[in-house]
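First comes the structure, then the notes that go with it.
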Amino acid sequence: MENQRPPNLLLKNKRIIGWNRPNPYTLGRTIYLAGLILVIGVLVDWLRIDSHLPQPDVGGSQRILDRFGREIRHALSIRGERRYLEPLDKIPEQLRNAFVLAEDRHFYTHQGVEWRALARGLYYSLRQWRKVSGGSTITMQLVKINWPELRGVVHKPAQILQALWLEHKYSKGELLTYYLNTVPFGNKISGVGAACRYFFNKTCEQLSPGQVASLAIIPRNPNLFIGRPTALAQRRHDLLQKMFAATDTVVLTQAQSEPIKFTKTNPQFYAAHLTERILEEKPSQSEIFTTIDLELQKTLQALLYAETAKRRGSGDSGAALVLDNDTGEVLAYVGSPDYFDPAHGMVDGIRVLRSPGSALKPFVYELALENNWNLYSIVPDIPMVFSTQRAVYEPNNYGGNFSGPRTIRDALANSKNLPALYMTTQLGETRVLERLRRLGFTSLQQPAEYYGVGLALGNGEVSLWELTQAYSILARLGTTITPTYLRGNIALPKRVMPAETAFLIADVLRDPQARQEEFGRGGPLEFDYDVAVKTGTSSDYRDNWTVGFTKKITVGVWRGNADATPMLQRLSASRGTGPLFHKIMDAANKYRDPQWIKRPAGIVASRVCVLSGEKPGKYCSLTRLEYHLADHAPLQSCRYHKHRLIPNCNGKAVTLTYVQYPQEYQEWAKSSRIPSLQNQFQETCGGTNPQRLLAQLDSHAPSIIEPLNNTLYAIDPTIPLDHQEIRFVLRGVEHNHGVRVFMNDQPTTLVADNDEVFWPLQRGRYTFYLKQGQKVSNAVSILVR
């Protein structure tokens, strides 16, 4: 008994705790289920992603280029990357081979996975308990770039499946193209196109062999190789050996000795407001060619920035626009002096609506020329009162004075306010507004009654875009072309005004002699070549505008405060924006021959009296040649310059030459220094009371008191025509006999033997005056519609 072996407690205990030998069937089933779950997990992980590679340019960064292919702006992709799309045939073979040698030397032979490299990487990683090498092929790297959710060891099987699928679906060329255009280099740079420009400020074709090798290595560890050039140099040395050791030892030696130097160029962008608009219009186009001239754009941005910084008191904001008149293409577009000014730099001054001041006057007068007025026609610059929908309007000129009767040339060239308002009333506010809208002023949305006659002086707000476009119509002699900033998007020209009248207005705007009364000579509006130019200053000096053109170029400039408050320095536009306009016009014509517009065949010139605009008479001392339509030659001889025999002037008879304005200007003439009969009489004949002496001589002289000169009448269609008449109020007729009424230089049957006479209405333009012997009264012109 003592020698009996004790029971196997271990076995006994095992039996006690329920341990049995494993069942082979149960173990196999467990392994099968685990494997099945793993396979299903991998398939689910893989099938949840898209099986197609997205196009490299979809959601990528966008390049906006100027008319010559120079980059204006490179907008980041939706991932915040800068990427240039480069077709495979545009990527040098040396650069392609360098990436293949550096990243995946068996790229052209494997099917998406390099199994040996993968196993080797897994072995060393497990052995050292850290990632030593991943063994990823270029195809597998494409998977990680485009499906970042498959990164990491857990997702490696799905990553492999996707790589195998891509190899099945795409060619090696397609895979390499996509990889080279999306491989990340750090610093928000993706793809070799962007990397070449960022690191070396070159295109891919311009890289040296040493730079090619450096570029191929950086993606492995951008932080390491960009920050430590010595580490990059060693890897580059090894890669260059693979590239050139067996083919070209001279190139190898030169490339290995080449210093590593990065430019790290983050390109500036220009035309910020315009490019923002373009990106909104074309959100998915990778390359967008514009009509901008980048060098001109840079010049304008620098000029506007410098001008604003130098003259802050004349506006904290501004904008400038340059158009090509032949095509309507935008050559330069500067929306503000500094786009990054946090206060208001992002406000696009070219599109903002502001009061144009006097800048719309040329279009009012052009419409008048279409309606039988002429540049030599007289318009009044005297105090007048206008009634509008909102108030009674009693305007003044910029200089605070009045200059009496003026030709349209003089009134427009010197930007007189009263003549422009008068002309608006003659044409009708509705017609003027319709014309402005036809010229492209689409911002004028209110009815004509809202603006009133003040439409000619800036009552309606417009944009610099609209204003510059309208002036380019004059430069094209009446044809409009919708401006474009996208290359290949030129609109067809459309005629909106006669070439002849457009030329006449353009000729006034380029005439420095005509505008010298208000602007002087030799100022910023005068060039050594022909330039038509017009300024505009809004009320309270809130806005300064200068717009002008040559045959080929139209330039528009605006300056003011962004919040529309009055400028600190109360400058007229000729001083506020004139100097900047001059610099921009010179810059735009730097490489162009600044030509002037050819005169249309329907325009001829006649000599006229400078003062009256009529055919020069014997006593007209100043005359000039004036352009007009061929069938609009002046017919009436000058009625302003006259002569008179004084029977007793210091004991002898003297003939005095003098100026006599029409009756409506008499009140103004009293305060002017014109050589009137009274002034000439006092200067020549002396006397203490020349007015009384002349009154005795003139006591029986006839004159027309009403209607005023250039009054507009309209026939009432509800009343029979033979019941509609105009009443003429006369003076000095009751004491005279033989007074005859002349209409358009022809005697009428009207009898002027009382202080009034009635004339039946007839459509047309007429000029009336009275005549008794050698005495001729003032002339009154009327228009009946």
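Labels for the structure tokens follow display order: chains A, B, ..., residues from 1 in each chain, ligands from 1.
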Which residues in segment 450-643 of chain A does DSSP call helix (DSSP H, G or I)? List them as a ChimeraX atom specification. /A:450-457,464-475,499-509,516-519,539-541,573-576,578-588
Segment 163-166 of chain A environment, 7 Å, only C-alpha atoms, sequence neighbours closer than 6 positions dropped, as a PyMOL selection string: chain A and resi 111-113+139-140+143
Nearby residues (only C-alpha atoms) at most 8 Å from Ser472 of chain A, same-chain spacing under 4 positions excluded, as a CSV table (one decimal) with N, CA, C and O atoms, in the first residue's frame:
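File produced: result36.csv:
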chain,number,residue,atom,x,y,z
A,323,LEU,N,-10.3,99.4,-70.5
A,323,LEU,CA,-10.9,98.6,-71.5
A,323,LEU,C,-10.2,98.7,-72.8
A,323,LEU,O,-9.7,99.8,-73.1
A,325,ASN,N,-10.9,99.1,-76.5
A,325,ASN,CA,-12.1,99.6,-77.3
A,325,ASN,C,-12.4,98.7,-78.4
A,325,ASN,O,-13.6,98.6,-78.8
A,468,THR,N,-17.5,103.6,-67.5
A,468,THR,CA,-16.4,103.3,-68.4
A,468,THR,C,-16.8,102.7,-69.7
A,468,THR,O,-16.4,103.0,-70.8
A,476,ARG,N,-15.8,104.2,-79.9
A,476,ARG,CA,-16.1,103.3,-81.0
A,476,ARG,C,-17.1,104.0,-82.0
A,476,ARG,O,-17.6,103.3,-82.9
A,480,THR,N,-21.7,99.7,-79.1
A,480,THR,CA,-21.4,99.1,-77.8
A,480,THR,C,-21.0,97.7,-77.9
A,480,THR,O,-21.5,96.9,-78.8
A,549,PHE,N,-10.7,108.5,-73.1
A,549,PHE,CA,-10.4,107.5,-74.0
A,549,PHE,C,-9.5,108.0,-75.2
A,549,PHE,O,-9.5,109.2,-75.5
A,553,ILE,N,-8.1,102.8,-76.3
A,553,ILE,CA,-8.2,102.5,-74.8
A,553,ILE,C,-9.2,103.4,-74.1
A,553,ILE,O,-9.2,104.6,-74.5
A,554,THR,N,-10.0,102.9,-73.2
A,554,THR,CA,-10.8,103.7,-72.3
A,554,THR,C,-10.4,103.5,-70.9
A,554,THR,O,-10.2,102.3,-70.5
At what distance in Å, to one decimal, does atom CA of Phe503 of chain A lie from atom CA of Ile350 of chain A?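 So the two atoms, atom CA of Ile350 of chain A and atom CA of Phe503 of chain A, lie 26.5 Å apart.
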Would you kindly return, as an mmCIF file with N, CA, C and O atoms, in the first residue's frame, each protein, DNA or RNA residue with an atom no farther than 8 Å from any atom of Leu296 of chain A, considering only C-alpha atoms and excluding same-chain residues fewer than 2 positions away?
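Wrote it out as part-v9.cif, contents follow:
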data_model
loop_
_atom_site.group_PDB
_atom_site.id
_atom_site.type_symbol
_atom_site.label_atom_id
_atom_site.label_comp_id
_atom_site.auth_asym_id
_atom_site.auth_seq_id
_atom_site.Cartn_x
_atom_site.Cartn_y
_atom_site.Cartn_z
ATOM 1 N N ASP A 293 -4.149 92.183 -68.696
ATOM 2 C CA ASP A 293 -2.720 92.345 -68.966
ATOM 3 C C ASP A 293 -2.033 92.470 -67.604
ATOM 4 O O ASP A 293 -2.163 93.492 -66.926
ATOM 5 N N LEU A 294 -1.325 91.423 -67.178
ATOM 6 C CA LEU A 294 -0.807 91.366 -65.812
ATOM 7 C C LEU A 294 0.119 92.527 -65.485
ATOM 8 O O LEU A 294 0.049 93.107 -64.392
ATOM 9 N N LYS A 298 -0.542 95.167 -62.522
ATOM 10 C CA LYS A 298 0.397 95.472 -61.434
ATOM 11 C C LYS A 298 0.647 96.977 -61.331
ATOM 12 O O LYS A 298 0.693 97.538 -60.230
ATOM 13 N N THR A 299 0.803 97.614 -62.490
ATOM 14 C CA THR A 299 1.060 99.055 -62.499
ATOM 15 C C THR A 299 -0.102 99.823 -61.889
ATOM 16 O O THR A 299 0.089 100.718 -61.063
ATOM 17 N N LEU A 300 -1.325 99.471 -62.287
ATOM 18 C CA LEU A 300 -2.503 100.165 -61.764
ATOM 19 C C LEU A 300 -2.643 99.961 -60.263
ATOM 20 O O LEU A 300 -2.977 100.897 -59.528
ATOM 21 N N LEU A 331 -8.617 95.115 -69.619
ATOM 22 C CA LEU A 331 -7.156 94.983 -69.562
ATOM 23 C C LEU A 331 -6.637 95.109 -68.134
ATOM 24 O O LEU A 331 -5.590 94.547 -67.812
ATOM 25 N N ALA A 332 -7.319 95.858 -67.302
ATOM 26 C CA ALA A 332 -6.915 96.000 -65.898
ATOM 27 C C ALA A 332 -8.156 96.302 -65.071
ATOM 28 O O ALA A 332 -9.047 97.029 -65.528
ATOM 29 N N ALA A 587 0.318 104.776 -68.807
ATOM 30 C CA ALA A 587 0.740 103.386 -68.608
ATOM 31 C C ALA A 587 0.045 102.459 -69.601
ATOM 32 O O ALA A 587 0.662 101.538 -70.153
ATOM 33 N N ALA A 588 -1.240 102.689 -69.843
ATOM 34 C CA ALA A 588 -1.995 101.849 -70.773
ATOM 35 C C ALA A 588 -1.500 102.006 -72.205
ATOM 36 O O ALA A 588 -1.617 101.077 -73.012
#
Between atom CA of Arg406 of chain A and atom CA of Asp381 of chain A, measure the distance and give it in Å to one decimal. 6.7 Å
Can you pull out every residue within 9 Å of Phe199 of chain A, counting only C-alpha atoms, but drop anything in the same chain fewer than 6 positions away, and send it as a PyMOL selection string? chain A and resi 215+261-265
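Across the model, the gap from atom CA of Tyr422 of chain A to atom CA of Lys771 of chain A is 28.9 Å.
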